[in-house]
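Data block below; observations after.
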Amino acid sequence: MIKNSEMLFIYDATMCNPNGDPDDENRPRMDYERERNLVSDVRLKRYIRDYLQDKGYEIFVAKFEDQTVNATQRLKKLIEDNKQKINVNKIDKDGIEWLLSKLIDVRLFGATMPIKSEDTKGSSLTFTGPVQFNWGYSLNKVRLVDSSGITSHFGSEEGKTQGAMGKDYRVYYSLIAFHGIISGNRAKLTNLQKEDIKLLDEAILKAIPLLATRSKIGQYPRLYLRVEYKDSETVLGDFRYHVKPDKVEGLRDVTDFKLDITKLKEIFAKNIDRIDNIFYWQDDDLKITSEGEEKKIEDILNLKDNLLIKLEY
């Protein structure tokens, strides 16, 4: 049985663009009033999907041979590749079970699969994913790099030697935090397995630095906690409210601050009887404090025996 879990994932971005906004010249997404950098949940899920696909897992929301395909084409390809006798325009219960067994991203995040055909108006399969994330935001105040102009060494037109000008927006430093939840009740509807959650832990920690592009290089995981509860009813709320860096302005590096998790420890201590396990990973360069004292997170959260499980990758 899958129980509820809640996650806190913190990574940082140095001199890069964590999540460009296509409606704003691909500038990093920002809450300008609060000077906070924003990253969509879709961006985080894309990292996870790409990592799992590179590992050989079937992904529903994916490109093939650099071509975007619609849901019907994707399902047909999956069915044909696996030599299944399933009518893509009328998928029965057994067909749904088979699809869920093959598509790990649907088991994790859910999906809407619009089924199109020439002789029907179409229908859809909708799975609400048990794993959901809020939008991420920076715990520090973020500034965009002052200069954004770049010049290519190739001429912009035939016969011209001057390079073409472009824009390359980046942040100086952003300490980005995500909160997520795994719903035990919804896990039943997508056949989510414990092995899938282990793969999710792995992908969260490994995907971002491994899948960096030119604009994304400079991002590294710093802290990950997944708190697994004893049931499928408990939710303690957004862990980001209970952690904060001791400095929020002028940050340029992970060594410029210490992360205070005193309140988070208090929340866990108060609800200790509802917690089954705390899976954790801390980057060696991240300094963490509680009640003003710098310690490793396992020492801070050592609330009872056998509660903490360190993730090793």
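Naming scheme: A, B, ... for chains in displayed order of the structure tokens; residues 1 onward per chain; ligands 1 onward as shown.
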Q. Could you name the residues that touch Asn4 of chain A at 9 Å or less, counting only C-alpha atoms, but leaving out those on the same chain fewer than 2 positions away, as number ranges by chain?
A. A: 2, 6, 181-185, 227-235
(Q) Neighbouring residues of Val106 of chain A were defined as those with any atom within 8 Å, considering only C-alpha atoms; residues of the same chain fewer than 5 positions away were excluded. Please report them as a list in words. (A) Ile59, Phe60, Leu100, Ala111, Phe127, Gly129 and Thr190 of chain A
Store the residues picked out above, limited to N, CA, C and O atoms, as a CSV table (one decimal), in the first residue's frame.
chain,number,residue,atom,x,y,z
A,59,ILE,N,7.7,6.6,-21.7
A,59,ILE,CA,7.1,7.9,-21.2
A,59,ILE,C,6.0,8.3,-22.2
A,59,ILE,O,6.2,8.2,-23.4
A,60,PHE,N,4.9,8.6,-21.6
A,60,PHE,CA,3.7,9.1,-22.5
A,60,PHE,C,4.0,10.5,-23.1
A,60,PHE,O,3.8,10.7,-24.3
A,100,LEU,N,-1.1,1.5,-18.0
A,100,LEU,CA,-0.5,2.0,-16.8
A,100,LEU,C,0.8,1.2,-16.4
A,100,LEU,O,1.7,1.8,-15.8
A,111,ALA,N,-2.3,11.8,-16.6
A,111,ALA,CA,-2.4,12.3,-18.0
A,111,ALA,C,-3.8,12.4,-18.4
A,111,ALA,O,-4.7,11.6,-17.9
A,127,PHE,N,-6.3,10.5,-16.1
A,127,PHE,CA,-5.8,9.9,-14.8
A,127,PHE,C,-5.2,11.1,-14.0
A,127,PHE,O,-4.4,11.9,-14.5
A,129,GLY,N,-2.8,12.3,-11.4
A,129,GLY,CA,-1.6,11.8,-10.9
A,129,GLY,C,-1.5,11.9,-9.4
A,129,GLY,O,-1.8,12.9,-8.8
A,190,THR,N,-3.7,4.9,-10.4
A,190,THR,CA,-2.8,4.8,-11.5
A,190,THR,C,-1.8,3.6,-11.3
A,190,THR,O,-0.9,3.4,-12.0
Q.
Counting only C-alpha atoms, which residue out of A:Leu99, A:Leu303, A:Ala13, A:Leu200 sits closest to Arg143 of chain A?
A.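 The answer is A:Ala13, which sits nearest to Arg143 of chain A.
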Q) So what do you get for atom CA of Asp256 of chain A versus atom CA of Lys216 of chain A, distance-wise? A)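 Computing the Euclidean distance for atom CA of Asp256 of chain A and atom CA of Lys216 of chain A yields 21.2 Å.
Using only C-alpha atoms for every distance, the candidate list A:Thr213, A:Asn19, A:Ser290, A:Thr128 yields A:Ser290 as the residue closest to Glu266 of chain A.
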Counting only C-alpha atoms, which residues of segment 4-56 of chain A fall within 10 Å of segment 171-178 of chain A, and what is the closest atom pair for each with its distance in Å at one decimal, ordered by chain and rising number, as a Markdown table?
| residue | atom | partner | partner_atom | distance |
| --- | --- | --- | --- | --- |
| A:Met7 | CA | A:Phe178 | CA | 7.8 |
| A:Leu8 | CA | A:Phe178 | CA | 5.8 |
| A:Phe9 | CA | A:Phe178 | CA | 5.1 |
| A:Ile10 | CA | A:Ala177 | CA | 4.4 |
| A:Tyr11 | CA | A:Ile176 | CA | 5.4 |
| A:Asp12 | CA | A:Leu175 | CA | 4.4 |
| A:Ala13 | CA | A:Ser174 | CA | 5.1 |
| A:Thr14 | CA | A:Tyr173 | CA | 4.6 |
| A:Met15 | CA | A:Tyr172 | CA | 4.8 |
| A:Cys16 | CA | A:Val171 | CA | 5.7 |
| A:Asn17 | CA | A:Val171 | CA | 6.2 |
| A:Pro18 | CA | A:Val171 | CA | 8.1 |
| A:Arg27 | CA | A:Val171 | CA | 9.3 |
| A:Pro28 | CA | A:Val171 | CA | 7.3 |
| A:Arg36 | CA | A:Ser174 | CA | 8.4 |
| A:Asn37 | CA | A:Ser174 | CA | 6.7 |
| A:Leu38 | CA | A:Ile176 | CA | 7.9 |
| A:Val39 | CA | A:Ile176 | CA | 7.9 |
| A:Ser40 | CA | A:Phe178 | CA | 9.5 |
| A:Asp41 | CA | A:Phe178 | CA | 8.3 |
| A:Leu44 | CA | A:Phe178 | CA | 9.0 |
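You can rank A:Asn277, A:Ser138, A:Gln282, A:Ser215 by their closest distance to Glu35 of chain A using only C-alpha atoms, and at the top of that list sits A:Ser138.
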Q: Output as JSON, numbers by chain all residues of segment 35-126 of chain A that backbone DSSP marks as strand (DSSP E).
A: {"A": [36, 37, 38, 39, 110, 111, 112, 113, 114, 115, 116, 117, 120, 121, 122, 123, 124, 125, 126]}
Q. Between A:Lys188, A:Lys244, A:Arg214, A:Lys270, which is the closest to Arg107 of chain A once you count only C-alpha atoms?
A.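 Looking at the shortest contact to Arg107 of chain A, the residue is A:Lys188.
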Q: Using only C-alpha atoms, pick whichever of A:Leu210, A:Val243, A:Leu78, A:Ile297 has the shortest atom-to-atom distance to Lys263 of chain A.
A: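 The closest residue to Lys263 of chain A is A:Val243.
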